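A.B. asks: So that we are looking at the same thing, I have put the structure below in structure tokens.
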Amino acid sequence: ATRLINMINNLLNIDRIESGGLEMFIEAVPLSELIESSLVAVVSLAENRGITLQQELPGEEVYLLVDRDFAIQVLVNLLSNALKFSPKGAAVTVQAEATSSYVKVSVVDQGPGIATEFRQRIFHRFEQATIADARVKGGSGLGLAISKSIVEQQGGTIGFDSEEGRGTTFWFTVKRVDV
């Protein structure tokens, strides 16, 4: 019942975001705060799966122009997916690089990569990748669709780089702001 309620809420949120009906509170948020809050949210999942969480951040504090809660939701989703598909003993790394106008946040895993035939559908609703033995790893297939809508609503872009058998890097860019 809880999973069904969450799925319905996720669908409603996607519709609200895409129609502009979901209010976002855009503000300057420190990158380190978003990363730390997101890592705290997934640390028990990482520990249960025997996966190490790492971070590679710019040497200086960088501020993003985002809705804090929605940005954390996107990052937690990307981290959760990376943890879900990474083998025991692997590492999942959050990386960030900043230019004068934007910040690119990446989540790098050491999983099986995304099959070529699935790549065009990865951000569609209810789509889920399968692993080599054709099992779906769980979830509703809405997380990446929601993440895409959230990032785009905040003026950013989202994408991924993947090589089968060598892992995947999901990334998003958002505006940088000086405070």
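Each chain in the structure tokens gets a letter, A, B and so on, in the order shown; residues start at 1 in every chain, and ligands are counted from 1 in the order they appear.
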Would you write out, as a Markdown table, a table of all residues in region 25-130 of chain A that have an atom no more than 12 Å from an atom of region 140-163 of chain A, listing for each the closest atom pair and the distance in Å to one decimal, considering only C-alpha atoms and ordering rows by chain and rising residue number?

C.D. replies:
```
| residue | atom | partner | partner_atom | distance |
| --- | --- | --- | --- | --- |
| A:Phe25 | CA | A:Gln154 | CA | 9.8 |
| A:Ile26 | CA | A:Gln154 | CA | 7.8 |
| A:Glu27 | CA | A:Gln154 | CA | 10.6 |
| A:Leu64 | CA | A:Gln154 | CA | 10.5 |
| A:Leu65 | CA | A:Gln154 | CA | 8.1 |
| A:Val66 | CA | A:Gln154 | CA | 6.3 |
| A:Asp67 | CA | A:Gln154 | CA | 7.7 |
| A:Arg68 | CA | A:Gln154 | CA | 10.9 |
| A:Asp69 | CA | A:Ile150 | CA | 10.5 |
| A:Phe70 | CA | A:Ile150 | CA | 6.7 |
| A:Ala71 | CA | A:Val151 | CA | 7.6 |
| A:Ile72 | CA | A:Ser147 | CA | 10.1 |
| A:Gln73 | CA | A:Ser147 | CA | 7.6 |
| A:Val74 | CA | A:Ser147 | CA | 5.0 |
| A:Leu75 | CA | A:Ser147 | CA | 8.4 |
| A:Val76 | CA | A:Gly143 | CA | 9.7 |
| A:Asn77 | CA | A:Gly143 | CA | 6.2 |
| A:Leu78 | CA | A:Leu144 | CA | 7.8 |
| A:Leu79 | CA | A:Gly143 | CA | 11.0 |
| A:Ser80 | CA | A:Gly143 | CA | 9.6 |
| A:Asn81 | CA | A:Gly143 | CA | 8.8 |
| A:Ala82 | CA | A:Phe160 | CA | 11.9 |
| A:Ser101 | CA | A:Gly156 | CA | 11.4 |
| A:Tyr102 | CA | A:Gly156 | CA | 8.8 |
| A:Val103 | CA | A:Gly156 | CA | 9.5 |
| A:Lys104 | CA | A:Thr157 | CA | 9.2 |
| A:Val105 | CA | A:Ile158 | CA | 9.5 |
| A:Ser106 | CA | A:Phe160 | CA | 8.7 |
| A:Val107 | CA | A:Phe160 | CA | 9.3 |
| A:Val108 | CA | A:Asp161 | CA | 9.4 |
| A:Asp109 | CA | A:Ser162 | CA | 9.7 |
| A:Gln110 | CA | A:Ser162 | CA | 10.1 |
| A:Gly111 | CA | A:Glu163 | CA | 9.7 |
| A:Pro112 | CA | A:Glu163 | CA | 8.1 |
| A:Gly113 | CA | A:Glu163 | CA | 5.3 |
| A:Ile114 | CA | A:Ser162 | CA | 6.0 |
| A:Ala115 | CA | A:Glu163 | CA | 8.2 |
| A:Thr116 | CA | A:Glu163 | CA | 8.6 |
| A:Phe118 | CA | A:Ser162 | CA | 11.3 |
| A:Arg119 | CA | A:Ser162 | CA | 9.0 |
| A:Gln120 | CA | A:Gly159 | CA | 10.8 |
| A:Arg121 | CA | A:Ala145 | CA | 9.9 |
| A:Ile122 | CA | A:Leu144 | CA | 7.3 |
| A:Phe123 | CA | A:Ala145 | CA | 4.8 |
| A:His124 | CA | A:Ala145 | CA | 5.5 |
| A:Arg125 | CA | A:Leu142 | CA | 5.2 |
| A:Phe126 | CA | A:Gly141 | CA | 3.9 |
| A:Glu127 | CA | A:Gly141 | CA | 4.8 |
| A:Gln128 | CA | A:Gly141 | CA | 5.1 |
| A:Ala129 | CA | A:Gly141 | CA | 8.6 |
| A:Thr130 | CA | A:Gly141 | CA | 11.3 |
```

A.B. asks: As a VMD selection string, please: all residues of region 17-163 of chain A that backbone DSSP puts in helix (DSSP H, G or I).

C.D. replies: chain A and resid 17 to 19 31 to 49 68 to 85 116 to 121 143 to 153

A.B. asks: Which residue out of A:Met24, A:Val174, A:Leu57, A:Leu34 has the minimum interatomic distance to Ser100 (chain A) when only C-alpha atoms are used?

C.D. replies: A:Val174

A.B. asks: I need the residue nearest Thr93 (chain A) from this list: A:Val29, A:Val62, A:Leu45, A:Leu39. Use only C-alpha atoms for the distance.

C.D. replies: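 Ranked by minimum distance to Thr93 (chain A), first place goes to A:Leu39.
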
A.B. asks: Could you state the separation of CA of Lys175 (chain A) and CA of Ala98 (chain A) in Å, given to one decimal place?

C.D. replies: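 Interatomic distance, CA of Lys175 (chain A) to CA of Ala98 (chain A): 9.6 Å.
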
A.B. asks: Between A:Tyr63, A:Gln54, A:Thr169, A:Leu83, single out the one closest to Glu33 (chain A), counting only C-alpha atoms.

C.D. replies: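 Checking each of A:Tyr63, A:Gln54, A:Thr169, A:Leu83 against Glu33 (chain A), counting only C-alpha atoms, the winner is A:Tyr63.
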
A.B. asks: Could you tell me which of A:Glu60, A:Glu97, A:Gly165, A:Ser38 comes closest to Asp178 (chain A) if we count only C-alpha atoms?

C.D. replies: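 Of the candidates, the smallest distance to Asp178 (chain A) is held by A:Glu60.
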